[in-house]
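Worksheet for the structure shown next.
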Amino acid sequence: MDRNPSPPPPSREEDEATGDCIGSTVYSKHWLFGVLSGLIQLVTPENTKSSSDDEEQQMELDEEMENEICRVWDMSMDEDVALFLQEFNAPDIFMGVLAKSRCPRLREICVGILGNMACFQEICVSISSDKNLGQVLLQCLYDSDPPTLLETSRLLLTCLSQTEVASVWVERIREHPAIYDSICFIMSSSTNVDLLVKVGEVVDKLFDLDEKLMLEWVGNGAVQPVDQPPEGSEERPVFKIVPSVLEAAKQIRSEHLEGLDVYMHILQLLTTEDDGIQAIVQCPNTGKDTWNLLFDLACHEFCQPDDPPIILQEQKTVLASVFSVLFSIYASEAEEENLKIENVELPLIDSLIRVLQNLEQCQKKPENSANSNTEDTKKSDLTQDDFHLKILKDISCEFLSNIFQELTKETVAQGLKEGQLNKQKCSCAFQNLLPFYSPMVEDVLKILREVDKTLADDLEETFPSLKVQT
């Protein structure tokens, strides 16, 4: 989307003489009153009568009015302007526009202005407490216009991120079953990357805030919506949350790493509950589709042999989610007759060990800098990075130890022949798995002794604690 036009430059001399400035800004109260009055006129009964010609006109926005209302949109990022709009009851005006106007561009701009205003806590609380406005805004999720959907999602995410009002919006969304259908429809069918990312962030936030809602959506898909569906959809397919998330992830995977991270985290949140895991693995197509996508990301896209170790700083959170979900599916596979995963151990071992090798490089502390102030400044950032890297390491080790339990003599022999296993990689794996996963390491060492005694002896020399056990 193009940037909104900048507001008109008012005359400072005139503003100072008349007291026309909004707060400490140079924006004109008089000019803003005029724009809002024009908006009111657009939705008065005489201007919203339906006829074929009038309806067509309502779909278009006068160029001059569009320019002016876009300036208000730009101005609303200023707190003084946002507070002034609130005092002038602008949200009520925008609610009238959203309820009556059929012009997509006008609806987009009005929701966008409310989204900017909601960035300020006091206004966010006020907007959220208005039940009628809340209902109208949620109806915007049924819109067929992607820019309007994008601004509505941005506004919802802003409100859900405010602890004072988040529960209000969660409960409202729970009361509108058709919102589930609309969100799944967007994730399943949209090609708009910005919209997919923002809708994903809304779903991720909802699931993080309310486990009950997440489980309701996991069990949804057989229930038809009871309130207003999106326009132009007489018959809707029955949506399920996991296939919808997968479709959105596939759409954005090569274009938006942060967005892919969001969708992987949604799947990870689902695996924190048994019902969520079952929603992924019980359906043959869903389980295999999820596995295939994540397996491809883990083994063929992220942290590849030619990538520098520092790449993990960019990929650490998405990789942690990917490995976590893969681990959940892998652990459930034995119980699911319809989910058969074969010949995956060696590629996964290769990827997991490569991640652990790169983690060792990322976690090496730089030489002491002469500028201690710079170190102090970056200390909090380093701590945060270390936290996420530790999460990735813990998940990688747990997953690797679980795979080690399933290794056979034939698989180990194949790994040694093809290069997924060698002294360097085994040493890295053992170094990270000991002492917490000693039994798994000992089992692997026993198999190695049968396949390659020299390698097993070398590893025993490197890790003396294993000698006593074996």
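The chains in the structure tokens are called A, B, ... from first to last as shown; in each chain the residues are counted from 1, and the ligands are counted from 1 in the order shown.
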So which residues touch Val325 in chain A within 12 Å, counting only C-alpha atoms, skipping near sequence neighbours fewer than 4 positions away, as number ranges by chain? A: 263-273, 276-277, 280-281, 287, 290-295, 297-298, 318-321, 329-332, 395-396, 399
Counting only C-alpha atoms, what is within 12 Å of Val441 in chain A, bar same-chain residues fewer than 2 positions away, as a VMD selection string? chain A and resid 397 400 to 407 426 to 439 443 to 448 456 459 to 460 463 465 to 467 469 to 470
Put those residues in a file: N, CA and C atoms, as an mmCIF file, in the first residue's frame.
data_model
loop_
_atom_site.group_PDB
_atom_site.id
_atom_site.type_symbol
_atom_site.label_atom_id
_atom_site.label_comp_id
_atom_site.auth_asym_id
_atom_site.auth_seq_id
_atom_site.Cartn_x
_atom_site.Cartn_y
_atom_site.Cartn_z
ATOM 1 N N CYS A 397 17.683 -30.787 20.958
ATOM 2 C CA CYS A 397 18.239 -31.920 21.716
ATOM 3 C C CYS A 397 17.161 -32.952 22.049
ATOM 4 N N LEU A 400 16.277 -34.771 18.824
ATOM 5 C CA LEU A 400 17.370 -35.645 18.398
ATOM 6 C C LEU A 400 17.449 -36.889 19.271
ATOM 7 N N SER A 401 17.289 -36.735 20.569
ATOM 8 C CA SER A 401 17.350 -37.887 21.468
ATOM 9 C C SER A 401 16.222 -38.865 21.174
ATOM 10 N N ASN A 402 15.051 -38.319 20.813
ATOM 11 C CA ASN A 402 13.920 -39.182 20.501
ATOM 12 C C ASN A 402 14.177 -39.986 19.226
ATOM 13 N N ILE A 403 14.789 -39.333 18.230
ATOM 14 C CA ILE A 403 15.125 -40.031 16.988
ATOM 15 C C ILE A 403 16.182 -41.103 17.254
ATOM 16 N N PHE A 404 17.160 -40.788 18.112
ATOM 17 C CA PHE A 404 18.217 -41.752 18.437
ATOM 18 C C PHE A 404 17.630 -43.056 18.996
ATOM 19 N N GLN A 405 16.508 -42.939 19.712
ATOM 20 C CA GLN A 405 15.869 -44.125 20.275
ATOM 21 C C GLN A 405 15.374 -45.081 19.188
ATOM 22 N N GLU A 406 15.077 -44.518 18.023
ATOM 23 C CA GLU A 406 14.487 -45.324 16.950
ATOM 24 C C GLU A 406 15.526 -45.845 15.961
ATOM 25 N N LEU A 407 16.804 -45.519 16.147
ATOM 26 C CA LEU A 407 17.820 -45.902 15.173
ATOM 27 C C LEU A 407 18.062 -47.413 15.176
ATOM 28 N N CYS A 426 28.766 -36.847 15.234
ATOM 29 C CA CYS A 426 28.450 -37.611 16.439
ATOM 30 C C CYS A 426 28.988 -36.910 17.699
ATOM 31 N N SER A 427 30.180 -36.345 17.590
ATOM 32 C CA SER A 427 30.765 -35.625 18.732
ATOM 33 C C SER A 427 29.896 -34.434 19.115
ATOM 34 N N CYS A 428 29.415 -33.699 18.105
ATOM 35 C CA CYS A 428 28.536 -32.553 18.385
ATOM 36 C C CYS A 428 27.254 -33.017 19.056
ATOM 37 N N ALA A 429 26.661 -34.096 18.531
ATOM 38 C CA ALA A 429 25.424 -34.615 19.110
ATOM 39 C C ALA A 429 25.642 -35.069 20.550
ATOM 40 N N PHE A 430 26.689 -35.842 20.790
ATOM 41 C CA PHE A 430 26.959 -36.343 22.132
ATOM 42 C C PHE A 430 27.242 -35.194 23.103
ATOM 43 N N GLN A 431 28.001 -34.220 22.634
ATOM 44 C CA GLN A 431 28.356 -33.074 23.470
ATOM 45 C C GLN A 431 27.108 -32.359 23.981
ATOM 46 N N ASN A 432 26.106 -32.233 23.098
ATOM 47 C CA ASN A 432 24.883 -31.515 23.458
ATOM 48 C C ASN A 432 23.889 -32.378 24.226
ATOM 49 N N LEU A 433 23.920 -33.689 23.979
ATOM 50 C CA LEU A 433 22.935 -34.560 24.621
ATOM 51 C C LEU A 433 23.357 -35.013 26.010
ATOM 52 N N LEU A 434 24.670 -35.072 26.260
ATOM 53 C CA LEU A 434 25.149 -35.500 27.578
ATOM 54 C C LEU A 434 25.128 -34.333 28.563
ATOM 55 N N PRO A 435 24.793 -34.571 29.833
ATOM 56 C CA PRO A 435 24.466 -35.870 30.451
ATOM 57 C C PRO A 435 22.963 -36.158 30.497
ATOM 58 N N PHE A 436 22.129 -35.208 30.016
ATOM 59 C CA PHE A 436 20.683 -35.341 30.221
ATOM 60 C C PHE A 436 20.066 -36.508 29.455
ATOM 61 N N TYR A 437 20.649 -36.845 28.321
ATOM 62 C CA TYR A 437 20.082 -37.924 27.503
ATOM 63 C C TYR A 437 21.097 -39.075 27.374
ATOM 64 N N SER A 438 21.750 -39.416 28.469
ATOM 65 C CA SER A 438 22.786 -40.456 28.457
ATOM 66 C C SER A 438 22.291 -41.805 27.924
ATOM 67 N N PRO A 439 21.113 -42.284 28.312
ATOM 68 C CA PRO A 439 20.680 -43.599 27.815
ATOM 69 C C PRO A 439 20.596 -43.660 26.290
ATOM 70 N N ASP A 443 22.848 -46.018 23.719
ATOM 71 C CA ASP A 443 22.256 -46.922 22.728
ATOM 72 C C ASP A 443 22.871 -46.710 21.353
ATOM 73 N N VAL A 444 23.076 -45.440 20.989
ATOM 74 C CA VAL A 444 23.679 -45.143 19.690
ATOM 75 C C VAL A 444 25.116 -45.660 19.642
ATOM 76 N N LEU A 445 25.828 -45.487 20.744
ATOM 77 C CA LEU A 445 27.221 -45.939 20.784
ATOM 78 C C LEU A 445 27.317 -47.471 20.630
ATOM 79 N N LYS A 446 26.372 -48.191 21.224
ATOM 80 C CA LYS A 446 26.351 -49.652 21.072
ATOM 81 C C LYS A 446 26.173 -50.052 19.614
ATOM 82 N N ILE A 447 25.270 -49.353 18.925
ATOM 83 C CA ILE A 447 25.045 -49.653 17.509
ATOM 84 C C ILE A 447 26.283 -49.291 16.696
ATOM 85 N N LEU A 448 26.889 -48.158 17.024
ATOM 86 C CA LEU A 448 28.095 -47.730 16.302
ATOM 87 C C LEU A 448 29.212 -48.753 16.452
ATOM 88 N N ALA A 456 33.496 -45.820 17.246
ATOM 89 C CA ALA A 456 32.975 -45.953 18.611
ATOM 90 C C ALA A 456 34.086 -45.769 19.645
ATOM 91 N N LEU A 459 35.009 -42.095 19.936
ATOM 92 C CA LEU A 459 33.994 -41.327 20.682
ATOM 93 C C LEU A 459 34.100 -41.614 22.179
ATOM 94 N N GLU A 460 34.441 -42.854 22.542
ATOM 95 C CA GLU A 460 34.640 -43.175 23.958
ATOM 96 C C GLU A 460 35.823 -42.409 24.534
ATOM 97 N N PHE A 463 34.606 -38.902 25.067
ATOM 98 C CA PHE A 463 33.615 -38.780 26.151
ATOM 99 C C PHE A 463 33.845 -39.923 27.144
ATOM 100 N N SER A 465 33.026 -40.540 30.105
ATOM 101 C CA SER A 465 31.916 -40.989 30.941
ATOM 102 C C SER A 465 31.175 -42.171 30.316
ATOM 103 N N LEU A 466 31.296 -42.303 28.987
ATOM 104 C CA LEU A 466 30.604 -43.397 28.310
ATOM 105 C C LEU A 466 31.310 -44.727 28.500
ATOM 106 N N LYS A 467 32.589 -44.708 28.820
ATOM 107 C CA LYS A 467 33.345 -45.943 28.970
ATOM 108 C C LYS A 467 32.815 -46.780 30.112
ATOM 109 N N GLN A 469 29.857 -46.832 31.300
ATOM 110 C CA GLN A 469 28.522 -47.318 31.028
ATOM 111 C C GLN A 469 28.538 -48.469 30.018
ATOM 112 N N THR A 470 29.528 -48.481 29.120
ATOM 113 C CA THR A 470 29.504 -49.460 28.052
ATOM 114 C C THR A 470 30.594 -50.504 28.227
#
Residue nearest Met440 in chain A among A:Val245, A:Pro284, A:Glu398, A:Trp217 (counting only C-alpha atoms):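 For Met440 in chain A, the nearest of the given residues is A:Glu398.
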Measuring between only C-alpha atoms, which one of A:Gln420, A:Ala178, A:Asp275, A:Cys110 shows the shortest distance to Lys212 in chain A?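 For Lys212 in chain A, the nearest of the candidates is A:Asp275.
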Distance query Val197 in chain A at most 12 Å, only C-alpha atoms, self and fewer than 5 positions along chain excluded, as a PyMOL selection string: chain A and resi 149-150+153-154+157+183+186-187+190-192+202-204+245+248-253+255-264+266
Between CA of Glu442 in chain A and CA of Ile349 in chain A, what is the spacing in Å?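 One can read the CA of Ile349 in chain A to CA of Glu442 in chain A distance as 16.5 Å.
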I'd like to know which of A:Ser76, A:Phe302, A:Met59, A:Phe120 is closest to Ile22 in chain A, using only C-alpha atoms.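 Distance minimum relative to Ile22 in chain A lands on A:Ser76.
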Do you have the CA of Pro91 in chain A-CA of Leu133 in chain A distance handy? 7.8 Å
Could you please write out, as an MDAnalysis selection string, every residue of range 175-400 of chain A that DSSP assigns to alpha helix (DSSP H)? chainID A and resid 177:189 193:209 211:218 241:252 257:270 274:281 284:296 311:332 345:362 372:400
Store the residues of this selection in a file with C-alpha atoms, as a short mmCIF file (atom, residue, chain, number, x, y, z; two decimals), in the first residue's frame.
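Writing done, so here's again-v9.cif:
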data_model
loop_
_atom_site.label_atom_id
_atom_site.label_comp_id
_atom_site.auth_asym_id
_atom_site.auth_seq_id
_atom_site.Cartn_x
_atom_site.Cartn_y
_atom_site.Cartn_z
CA PRO A 177 -19.03 -17.97 15.10
CA ALA A 178 -18.88 -16.67 11.52
CA ILE A 179 -15.61 -14.91 12.32
CA TYR A 180 -13.95 -18.34 12.43
CA ASP A 181 -15.28 -19.06 8.94
CA SER A 182 -14.17 -15.69 7.59
CA ILE A 183 -10.65 -15.97 8.99
CA CYS A 184 -10.25 -19.50 7.64
CA PHE A 185 -11.56 -18.32 4.27
CA ILE A 186 -8.95 -15.55 4.16
CA MET A 187 -6.12 -17.90 5.14
CA SER A 188 -7.26 -20.51 2.64
CA SER A 189 -7.84 -18.30 -0.38
CA VAL A 193 0.80 -11.47 1.78
CA ASP A 194 0.30 -8.43 4.03
CA LEU A 195 -3.26 -9.51 4.82
CA LEU A 196 -2.24 -13.12 5.48
CA VAL A 197 0.51 -12.01 7.87
CA LYS A 198 -1.78 -9.69 9.81
CA VAL A 199 -4.62 -12.24 10.04
CA GLY A 200 -2.08 -14.81 11.20
CA GLU A 201 -0.93 -12.43 13.92
CA VAL A 202 -4.54 -12.02 15.07
CA VAL A 203 -5.08 -15.81 15.25
CA ASP A 204 -1.73 -16.30 17.01
CA LYS A 205 -2.63 -13.65 19.57
CA LEU A 206 -6.11 -15.09 20.12
CA PHE A 207 -4.76 -18.60 20.70
CA ASP A 208 -2.05 -17.28 23.00
CA LEU A 209 -4.58 -15.31 25.03
CA GLU A 211 -6.81 -21.60 25.25
CA LYS A 212 -10.56 -22.22 25.40
CA LEU A 213 -11.16 -20.30 22.17
CA MET A 214 -8.30 -22.17 20.50
CA LEU A 215 -9.87 -25.52 21.40
CA GLU A 216 -13.26 -24.31 20.19
CA TRP A 217 -11.74 -23.39 16.83
CA VAL A 218 -9.87 -26.70 16.68
CA ILE A 241 -8.24 -24.47 11.13
CA VAL A 242 -5.15 -26.60 10.40
CA PRO A 243 -5.55 -26.82 6.58
CA SER A 244 -6.29 -23.09 6.51
CA VAL A 245 -3.11 -22.29 8.46
CA LEU A 246 -1.10 -24.58 6.18
CA GLU A 247 -2.43 -22.93 3.03
CA ALA A 248 -1.51 -19.47 4.31
CA ALA A 249 1.96 -20.68 5.35
CA LYS A 250 2.56 -22.11 1.87
CA GLN A 251 1.48 -18.83 0.30
CA ILE A 252 3.89 -16.65 2.28
CA LEU A 257 9.95 -15.01 7.11
CA GLU A 258 8.31 -13.16 10.02
CA GLY A 259 4.88 -14.12 8.72
CA LEU A 260 5.91 -17.75 8.34
CA ASP A 261 7.20 -17.61 11.91
CA VAL A 262 3.71 -16.52 13.02
CA TYR A 263 1.99 -19.44 11.30
CA MET A 264 4.52 -21.94 12.63
CA HIS A 265 3.88 -20.59 16.12
CA ILE A 266 0.13 -21.09 15.62
CA LEU A 267 0.80 -24.77 14.86
CA GLN A 268 3.10 -24.98 17.88
CA LEU A 269 0.35 -23.56 20.11
CA LEU A 270 -2.02 -26.22 18.77
CA ASP A 274 -4.02 -33.10 22.87
CA ASP A 275 -7.01 -31.93 20.83
CA GLY A 276 -4.71 -29.69 18.82
CA ILE A 277 -2.28 -32.51 18.08
CA GLN A 278 -5.18 -34.76 17.07
CA ALA A 279 -6.49 -32.07 14.72
CA ILE A 280 -3.13 -32.23 12.95
CA VAL A 281 -2.43 -35.97 12.85
CA PRO A 284 -4.41 -38.40 6.82
CA ASN A 285 -4.15 -35.48 4.41
CA THR A 286 -3.73 -32.86 7.13
CA GLY A 287 -1.10 -34.84 9.02
CA LYS A 288 0.94 -35.63 5.93
CA ASP A 289 0.59 -32.10 4.51
CA THR A 290 1.76 -30.59 7.80
CA TRP A 291 4.66 -33.01 8.06
CA ASN A 292 5.74 -32.52 4.42
CA LEU A 293 5.74 -28.72 4.67
CA LEU A 294 7.66 -28.58 7.95
CA PHE A 295 10.04 -31.37 6.97
CA ASP A 296 10.88 -29.47 3.78
CA ILE A 311 21.70 -17.26 9.93
CA LEU A 312 20.29 -18.89 13.08
CA GLN A 313 19.84 -15.44 14.59
CA GLU A 314 17.20 -14.77 11.92
CA GLN A 315 15.70 -18.25 11.93
CA LYS A 316 15.87 -19.23 15.60
CA THR A 317 12.20 -18.70 16.51
CA VAL A 318 10.69 -20.17 13.35
CA LEU A 319 13.04 -23.17 13.53
CA ALA A 320 12.11 -23.78 17.16
CA SER A 321 8.42 -23.87 16.19
CA VAL A 322 9.07 -26.09 13.16
CA PHE A 323 11.09 -28.63 15.18
CA SER A 324 8.56 -28.57 18.00
CA VAL A 325 5.64 -29.40 15.70
CA LEU A 326 7.65 -32.03 13.80
CA PHE A 327 8.58 -33.63 17.11
CA SER A 328 4.91 -33.75 18.17
CA ILE A 329 3.90 -35.40 14.89
CA TYR A 330 6.86 -37.80 15.01
CA ALA A 331 6.00 -38.84 18.56
CA SER A 332 2.34 -39.38 17.59
CA GLU A 345 15.48 -40.14 10.57
CA LEU A 346 18.73 -39.46 8.71
CA PRO A 347 17.67 -36.16 7.07
CA LEU A 348 16.34 -34.95 10.42
CA ILE A 349 19.49 -36.04 12.27
CA ASP A 350 21.55 -34.16 9.69
CA SER A 351 19.50 -30.97 10.11
CA LEU A 352 19.32 -31.13 13.89
CA ILE A 353 23.07 -31.68 14.28
CA ARG A 354 23.80 -28.86 11.82
CA VAL A 355 21.63 -26.55 13.92
CA LEU A 356 23.48 -27.59 17.07
CA GLN A 357 26.84 -27.00 15.36
CA ASN A 358 25.78 -23.52 14.29
CA LEU A 359 24.39 -22.79 17.73
CA GLU A 360 27.83 -23.41 19.19
CA GLN A 361 29.22 -20.75 16.85
CA CYS A 362 26.42 -18.27 17.60
CA SER A 372 32.57 -1.43 27.81
CA ASN A 373 29.68 1.03 27.37
CA THR A 374 28.83 -0.58 24.05
CA GLU A 375 28.75 -3.98 25.76
CA ASP A 376 26.42 -2.65 28.47
CA THR A 377 24.15 -1.16 25.84
CA LYS A 378 23.84 -4.48 24.00
CA LYS A 379 23.60 -6.66 27.11
CA SER A 380 19.80 -6.88 27.14
CA ASP A 381 19.68 -7.73 23.41
CA LEU A 382 22.27 -10.46 23.87
CA THR A 383 20.30 -11.89 26.78
CA GLN A 384 17.15 -12.02 24.66
CA ASP A 385 19.04 -13.67 21.80
CA ASP A 386 20.56 -16.21 24.20
CA PHE A 387 17.06 -17.01 25.51
CA HIS A 388 15.67 -17.83 22.05
CA LEU A 389 18.80 -19.74 21.08
CA LYS A 390 18.49 -21.80 24.28
CA ILE A 391 14.89 -22.66 23.41
CA LEU A 392 16.02 -23.81 19.96
CA LYS A 393 18.81 -25.86 21.51
CA ASP A 394 16.51 -27.54 24.04
CA ILE A 395 13.95 -28.49 21.39
CA SER A 396 16.67 -29.74 19.02
CA CYS A 397 18.24 -31.92 21.72
CA GLU A 398 14.94 -33.43 22.81
CA PHE A 399 13.94 -34.19 19.22
CA LEU A 400 17.37 -35.64 18.40
#
Give me, as a PyMOL selection string, all polymer residues having an atom no more than 12 Å from Leu36 in chain A, counting only C-alpha atoms and skipping those fewer than 2 positions away in the same chain. chain A and resi 29-34+38-43+65+68-73+85+88-94+96-97+110
Report, in Å to a single decimal, how far apart CA of Pro305 in chain A and CA of Thr408 in chain A are.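 Between CA of Thr408 in chain A and CA of Pro305 in chain A the gap is 25.5 Å.
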